[in-house]
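Here is final-v9.cif, consisting of mmCIF, C-alpha atoms:
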data_my_file
loop_
_atom_site.label_atom_id
_atom_site.label_comp_id
_atom_site.auth_asym_id
_atom_site.auth_seq_id
_atom_site.Cartn_x
_atom_site.Cartn_y
_atom_site.Cartn_z
CA MET E 1 6.55 127.05 68.26
CA GLN E 2 8.35 123.78 67.62
CA GLY E 3 8.26 121.81 64.39
CA ILE E 4 10.20 119.45 62.15
CA LYS E 5 12.27 120.38 59.12
CA GLY E 6 13.77 117.98 56.62
CA PHE E 7 16.97 118.58 54.67
CA SER E 8 19.17 116.87 52.14
CA LYS E 9 22.30 115.38 53.68
CA ASN E 10 24.33 118.60 53.34
CA LEU E 11 21.72 120.74 55.20
CA ALA E 12 21.30 123.14 52.28
CA THR E 13 17.88 124.64 51.66
CA SER E 14 16.11 123.13 48.66
CA TYR E 15 14.54 126.30 47.33
CA GLY E 16 15.41 129.95 47.43
CA SER E 17 18.93 130.93 48.45
CA GLY E 18 20.34 127.40 48.86
CA VAL E 19 22.00 128.49 52.11
CA LYS E 20 23.58 125.75 54.22
CA LEU E 21 22.19 125.74 57.78
CA GLU E 22 23.92 124.78 61.03
CA GLN E 23 22.51 123.36 64.24
CA GLY E 24 22.13 125.93 67.03
CA LYS E 25 22.10 128.99 64.76
CA THR E 26 19.09 131.20 64.09
CA TYR E 27 18.28 132.27 60.55
CA LYS E 28 15.93 135.09 59.54
CA GLU E 29 13.89 136.03 56.49
CA GLU E 30 12.03 139.28 55.84
CA GLU E 31 8.60 137.68 55.33
CA CYS E 32 6.89 134.31 55.11
CA LYS E 33 4.08 132.87 53.05
CA VAL E 34 3.66 129.13 52.57
CA TYR E 35 4.70 128.03 49.06
CA ARG E 36 6.43 131.36 48.47
CA ASN E 37 9.08 132.43 51.00
CA GLY E 38 10.25 132.06 54.58
CA TRP E 39 11.49 128.98 56.42
CA HIS E 40 9.18 126.02 55.79
CA PHE E 41 8.53 123.23 58.30
CA VAL E 42 5.81 120.83 59.49
CA GLU E 43 4.27 120.13 62.89
CA TYR E 44 3.71 116.37 62.32
CA ALA E 45 7.07 114.80 61.43
CA PRO E 46 5.83 112.36 58.72
CA ASP E 47 4.44 115.26 56.70
CA CYS E 48 7.96 116.31 55.62
CA LEU E 49 8.62 112.92 54.00
CA GLY E 50 6.98 113.92 50.72
CA TYR E 51 9.87 116.33 50.20
CA PHE E 52 12.61 114.53 52.13
CA PRO E 53 11.89 110.77 52.14
CA LEU E 54 13.35 108.34 54.64
CA GLY E 55 16.08 106.06 53.33
CA ALA E 56 17.51 108.65 50.93
CA GLY E 57 20.22 110.11 53.16
CA ASN E 58 18.01 113.01 54.22
CA ARG E 59 18.25 114.55 57.69
CA TYR E 60 15.55 115.77 60.06
CA PHE E 61 15.69 118.43 62.77
CA LEU E 62 13.54 119.59 65.63
CA ILE E 63 13.29 123.33 65.01
CA GLU E 64 12.12 126.37 66.92
CA ALA E 65 10.00 128.66 64.73
CA ALA E 66 9.67 132.31 65.72
CA GLY E 67 8.86 135.73 64.32
CA ASP E 68 5.91 135.73 61.93
CA ILE E 69 4.46 132.22 61.58
CA ASN E 70 2.17 131.25 58.70
CA GLU E 71 0.15 128.04 59.21
CA GLU E 72 -1.87 126.81 56.24
CA GLN E 73 -4.88 124.51 56.41
CA ASP E 74 -2.84 121.62 55.04
CA PHE E 75 0.31 120.45 56.79
CA ARG E 76 2.78 123.14 55.71
CA CYS E 77 3.95 125.99 57.92
CA CYS E 78 6.56 128.69 57.50
CA CYS E 79 8.18 131.36 59.64
CA THR E 80 10.55 134.32 59.46
CA GLU E 81 12.97 132.96 62.10
CA ILE E 82 14.17 129.38 62.48
CA THR E 83 16.66 127.66 64.79
CA LEU E 84 17.78 124.06 64.29
CA VAL E 85 17.51 122.69 67.84
CA LYS E 86 18.63 119.07 67.41
CA GLU E 87 19.00 116.41 64.76
CA LEU E 88 16.55 113.51 64.97
CA ASP E 89 17.58 109.89 64.44
CA LEU E 90 14.88 107.37 63.44
CA LYS E 91 13.85 106.69 67.03
CA ALA E 92 13.57 110.40 67.87
CA PHE E 93 11.66 111.01 64.60
CA ALA E 94 9.16 108.29 65.59
CA GLY E 95 8.98 109.70 69.13
CA MET E 96 8.20 113.21 67.83
CA SER E 97 5.50 111.74 65.58
CA MET E 98 3.91 109.94 68.52
CA LYS E 99 4.14 113.01 70.76
CA TYR E 100 2.25 115.04 68.16
CA MET E 101 -0.41 112.30 67.89
CA ILE E 102 -0.87 112.39 71.69
CA GLN E 103 -1.15 116.19 71.68
CA ASN E 104 -3.61 116.10 68.72
CA PRO E 105 -5.59 112.86 69.24
CA LYS E 106 -8.38 113.65 66.76
CA MET E 107 -6.07 114.43 63.82
CA ASP E 108 -5.78 112.34 60.65
CA TRP E 109 -2.66 110.51 61.79
CA GLU E 110 -2.34 107.42 59.57
CA ARG E 111 0.55 107.53 57.08
CA ALA E 112 2.24 105.05 54.76
CA THR E 113 5.30 106.06 52.75
CA ALA E 114 8.54 104.39 51.77
CA HIS E 115 10.22 103.22 54.99
CA LEU E 116 7.35 104.36 57.28
CA GLN E 117 3.99 102.93 58.36
CA ILE E 118 1.72 104.57 60.92
CA LYS E 119 -1.44 102.49 61.02
CA GLN E 120 -4.40 101.38 63.07
CA GLU E 121 -3.60 98.21 65.12
CA ILE E 122 -0.82 96.67 62.94
CA ALA E 123 2.25 98.16 61.23
CA ARG E 124 5.40 96.64 59.72
CA ALA E 125 9.00 97.77 59.24
CA GLN E 126 12.28 96.40 58.00
CA LYS E 127 15.72 97.42 59.23
CA ASP E 128 16.18 101.23 59.26
CA GLU E 129 12.43 101.82 58.85
CA ILE E 130 9.68 102.98 61.23
CA ALA E 131 6.41 101.22 62.15
CA ILE E 132 3.92 102.77 64.57
CA ALA E 133 0.67 101.02 65.48
CA ARG E 134 -2.16 102.70 67.39
CA GLY E 135 -5.30 101.05 68.71
CA ARG E 136 -6.78 98.84 71.43
CA ASN E 137 -4.23 96.04 70.82
CA PRO E 138 -1.44 97.54 68.71
CA LYS E 139 1.28 95.32 67.26
CA VAL E 140 4.33 96.01 65.15
CA TYR E 141 6.15 93.42 63.05
CA LEU E 142 9.81 94.47 63.03
CA GLN E 143 13.12 93.30 61.70
CA THR E 144 16.20 93.83 63.84
CA GLY E 145 17.24 97.48 63.57
CA ALA E 146 13.74 98.80 62.83
CA VAL E 147 12.11 101.43 65.04
CA GLY E 148 8.76 100.53 66.56
CA GLY E 149 6.09 102.62 68.18
CA LEU E 150 3.11 101.26 70.11
CA MET E 151 0.20 103.47 71.15
CA GLU E 152 -2.51 101.76 73.17
CA GLU E 153 -5.99 103.29 73.32
CA ASP E 154 -8.83 102.65 75.76
CA VAL E 155 -12.43 101.92 74.63
CA ASN E 156 -13.00 105.67 74.09
CA GLY E 157 -9.96 106.09 71.84
CA VAL E 158 -7.89 107.85 74.50
CA ILE E 159 -4.18 106.98 74.38
CA VAL E 160 -3.28 105.30 77.68
CA ALA E 161 0.24 104.04 76.90
CA ALA E 162 2.87 104.91 74.30
CA ARG E 163 6.33 103.45 73.79
CA VAL E 164 8.99 103.91 71.11
CA PHE E 165 11.92 101.51 70.78
CA LEU E 166 14.59 99.98 68.53
CA ALA E 167 13.99 96.29 67.76
CA ASN E 168 16.90 94.12 68.91
CA LYS E 169 15.38 90.95 67.38
CA ASP E 170 13.04 90.15 64.50
CA GLY E 171 9.52 89.65 65.79
CA THR E 172 6.06 90.85 66.68
CA TYR E 173 5.99 93.42 69.46
CA PHE E 174 3.03 94.51 71.59
CA LEU E 175 2.25 96.19 74.93
CA ASN E 176 1.45 94.27 78.09
CA SER E 177 0.52 96.50 81.04
CA GLY E 178 2.29 99.36 79.26
CA GLU E 179 5.53 97.41 78.79
CA ILE E 180 6.99 96.33 75.43
CA ARG E 181 6.92 92.57 74.84
CA ARG E 182 7.88 90.32 71.94
CA GLU E 183 5.57 87.39 71.13
CA ASP E 184 8.28 84.75 71.58
CA ASP E 185 9.43 86.13 74.94
CA GLU E 186 7.98 84.88 78.19
CA ILE E 187 5.94 87.38 80.18
#
Kindly return the structure encoded in the file as structure tokens.
Amino acid sequence: MQGIKGFSKNLATSYGSGVKLEQGKTYKEEECKVYRNGWHFVEYAPDCLGYFPLGAGNRYFLIEAAGDINEEQDFRCCCTEITLVKELDLKAFAGMSMKYMIQNPKMDWERATAHLQIKQEIARAQKDEIAIARGRNPKVYLQTGAVGGLMEEDVNGVIVAARVFLANKDGTYFLNSGEIRREDDEI
């Protein structure tokens, strides 16, 4: 099972042993129980931001969870074996968030935290932040250097187009026939 794990900048675990992890290596624990032991992670990337907020030098990894896996009813999961597959930059973090939304279309997906907005129809982000808008006519208002995500739905709420990108100019971005456009650009 894949998931997302957040870390402080030095990749040391926050609780328990304080071991420093490395990409590509597999780590094992004897048992796992959410809130108690094992390797903790989330399935929906934004859910790790309560522990490891954006803009604070934290790092995020796509992980492979194996062995015993404990999934709670809230967003937390843990496992007895974890491998750090690859580090996620802001664009990849947004892309993983959108991928999970596509795979789980009925989930409660809206989020708003420091440096991140995932909202119905309109979202905003400054440089080094993420804004994802989902709806019939999604728009993101971005500063240069912000990451945008646009997820267009049909009349039944089915996602028909999804794009993630880094804004190269300040502006309002939207989808036109599945392609990213900026309001001031000619179509």
Shell of 7 Å around range 98-113 of chain E, all atoms listed in the file, local chain residues under 6 positions omitted, as a PyMOL selection string = chain E and resi 44+119+159
What would the selection look like, as a tab-separated table (two decimals) with C-alpha atoms, in the coordinates of the input, if the PyMOL selection byres ((chain E and resi 161) around 10) were run on the coordinates I just shared?
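The resulting expr.tsv:
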chain	number	residue	atom	x	y	z
E	102	ILE	CA	-0.87	112.39	71.69
E	134	ARG	CA	-2.16	102.70	67.39
E	150	LEU	CA	3.11	101.26	70.11
E	151	MET	CA	0.20	103.47	71.15
E	152	GLU	CA	-2.51	101.76	73.17
E	153	GLU	CA	-5.99	103.29	73.32
E	154	ASP	CA	-8.83	102.65	75.76
E	158	VAL	CA	-7.89	107.85	74.50
E	159	ILE	CA	-4.18	106.98	74.38
E	160	VAL	CA	-3.28	105.30	77.68
E	162	ALA	CA	2.87	104.91	74.30
E	163	ARG	CA	6.33	103.45	73.79
E	175	LEU	CA	2.25	96.19	74.93
E	176	ASN	CA	1.45	94.27	78.09
E	177	SER	CA	0.52	96.50	81.04
E	178	GLY	CA	2.29	99.36	79.26
E	179	GLU	CA	5.53	97.41	78.79
Taking only C-alpha atoms into account, which of E:Gly24, E:Gly149, E:Gly38, E:Gly3 comes nearest Glu129 in chain E?
->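 Under the stated criterion, the closest residue is E:Gly149.
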Shell around range 78-80 of chain E at 12 Å using all atoms listed in the file, local window under 5 positions removed, as a VMD selection string | chain E and resid 1 to 5 26 to 43 63 to 72
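For the residues E:Gly157, E:Gly95, E:Gly145, E:Gly55, ranking by smallest atom-to-atom distance to Ser8 in chain E using all atoms listed in the file places E:Gly55 first.
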Quick one: everything within 9 Å of Glu87 in chain E, counting only C-alpha atoms, minus sequence neighbours fewer than 3 positions away in the same chain. Send it as a ChimeraX atom specification.
-> /E:23,59-63,84,92
Counting all atoms listed in the file, which of E:Leu116, E:Ile82, E:Leu88, E:Cys77 gets nearest to Ala133 in chain E?
->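 Checking each of E:Leu116, E:Ile82, E:Leu88, E:Cys77 against Ala133 in chain E, counting all atoms listed in the file, the winner is E:Leu116.
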In Å to one decimal, how far is CA of His115 in chain E from CA of Ala12 in chain E?
->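 Calculated distance between CA of Ala12 in chain E and CA of His115 in chain E is 23.0 Å.
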Counting only C-alpha atoms, the residue of E:Arg181, E:Leu49, E:Asp170, E:Asn10 that sits nearest Ala114 in chain E | E:Leu49
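The space between CA of Thr144 in chain E and CA of Ala167 in chain E spans 5.1 Å.
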Which residues, protein or nucleic acid, reach to within 6 Å of (6.6, 101.4, 60.3) in the file's coordinates when using all atoms listed in the file, and can you give that as a compact mmCIF listing (two decimals) with C-alpha atoms, keeping the file's coordinate frame?
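Final output, saved to out.txt:
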# COMPACT_ATOMS: atom_id res chain seq x y z
CA LEU E 116 7.35 104.36 57.28
CA GLN E 117 3.99 102.93 58.36
CA ILE E 118 1.72 104.57 60.92
CA ALA E 123 2.25 98.16 61.23
CA ARG E 124 5.40 96.64 59.72
CA ALA E 125 9.00 97.77 59.24
CA ILE E 130 9.68 102.98 61.23
CA ALA E 131 6.41 101.22 62.15
CA ILE E 132 3.92 102.77 64.57
Axis-aligned box over every listed atom of range 2-6 of chain E, padded by 6 Å per side: centre and edges in Å to one decimal, as JSON?
{"center_x": 11.0, "center_y": 120.9, "center_z": 62.1, "size_x": 17.5, "size_y": 17.8, "size_z": 23.0}
Give me the residues near Asn58 in chain E as a short mmCIF file (atom, residue, chain, number, x, y, z; two decimals) with C-alpha atoms, in the frame of the given file, where near means some atom within 8 Å (using all atoms listed in the file) and where sequence neighbours in that chain fewer than 4 positions away do not count.
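Result written to selection.cif:
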data_model
loop_
_atom_site.label_atom_id
_atom_site.label_comp_id
_atom_site.auth_asym_id
_atom_site.auth_seq_id
_atom_site.Cartn_x
_atom_site.Cartn_y
_atom_site.Cartn_z
CA GLY E 6 13.77 117.98 56.62
CA PHE E 7 16.97 118.58 54.67
CA SER E 8 19.17 116.87 52.14
CA LYS E 9 22.30 115.38 53.68
CA PHE E 52 12.61 114.53 52.13
CA PRO E 53 11.89 110.77 52.14
CA LEU E 54 13.35 108.34 54.64
#
Once the PyMOL selection byres ((chain E and resi 169) around 12) has been applied to the shown file, what residues remain in the selection, as JSON, numbers by chain?
-> {"E": [126, 127, 141, 142, 143, 144, 145, 146, 147, 148, 165, 166, 167, 168, 170, 171, 172, 173, 181, 182, 183, 184, 185]}
File contents for range 146-158 of chain E with N, CA and C atoms as an mmCIF file, in the first residue's frame:
data_model
loop_
_atom_site.group_PDB
_atom_site.id
_atom_site.type_symbol
_atom_site.label_atom_id
_atom_site.label_comp_id
_atom_site.auth_asym_id
_atom_site.auth_seq_id
_atom_site.Cartn_x
_atom_site.Cartn_y
_atom_site.Cartn_z
ATOM 1 N N ALA E 146 3.804 29.609 -7.237
ATOM 2 C CA ALA E 146 2.814 28.788 -6.525
ATOM 3 C C ALA E 146 2.479 27.568 -7.370
ATOM 4 N N VAL E 147 2.016 26.514 -6.708
ATOM 5 C CA VAL E 147 1.575 25.311 -7.412
ATOM 6 C C VAL E 147 0.062 25.336 -7.485
ATOM 7 N N GLY E 148 -0.461 25.097 -8.693
ATOM 8 C CA GLY E 148 -1.903 25.071 -8.901
ATOM 9 C C GLY E 148 -2.371 23.699 -9.328
ATOM 10 N N GLY E 149 -3.593 23.387 -8.936
ATOM 11 C CA GLY E 149 -4.239 22.164 -9.374
ATOM 12 C C GLY E 149 -5.657 22.500 -9.795
ATOM 13 N N LEU E 150 -6.071 22.011 -10.950
ATOM 14 C CA LEU E 150 -7.424 22.231 -11.459
ATOM 15 C C LEU E 150 -8.065 20.886 -11.741
ATOM 16 N N MET E 151 -9.256 20.681 -11.168
ATOM 17 C CA MET E 151 -9.974 19.415 -11.329
ATOM 18 C C MET E 151 -11.387 19.742 -11.791
ATOM 19 N N GLU E 152 -11.644 19.483 -13.062
ATOM 20 C CA GLU E 152 -12.946 19.803 -13.651
ATOM 21 C C GLU E 152 -13.894 18.616 -13.528
ATOM 22 N N GLU E 153 -15.115 18.904 -13.073
ATOM 23 C CA GLU E 153 -16.148 17.882 -12.929
ATOM 24 C C GLU E 153 -17.241 18.083 -13.969
ATOM 25 N N ASP E 154 -17.920 16.988 -14.349
ATOM 26 C CA ASP E 154 -19.091 17.110 -15.204
ATOM 27 C C ASP E 154 -20.324 17.376 -14.328
ATOM 28 N N VAL E 155 -21.511 17.402 -14.923
ATOM 29 C CA VAL E 155 -22.739 17.726 -14.182
ATOM 30 C C VAL E 155 -23.053 16.706 -13.092
ATOM 31 N N ASN E 156 -22.486 15.505 -13.190
ATOM 32 C CA ASN E 156 -22.711 14.462 -12.189
ATOM 33 C C ASN E 156 -21.626 14.411 -11.118
ATOM 34 N N GLY E 157 -20.682 15.356 -11.165
ATOM 35 C CA GLY E 157 -19.607 15.383 -10.182
ATOM 36 C C GLY E 157 -18.461 14.449 -10.483
ATOM 37 N N VAL E 158 -18.423 13.902 -11.692
ATOM 38 C CA VAL E 158 -17.338 13.014 -12.104
ATOM 39 C C VAL E 158 -16.186 13.873 -12.625
#
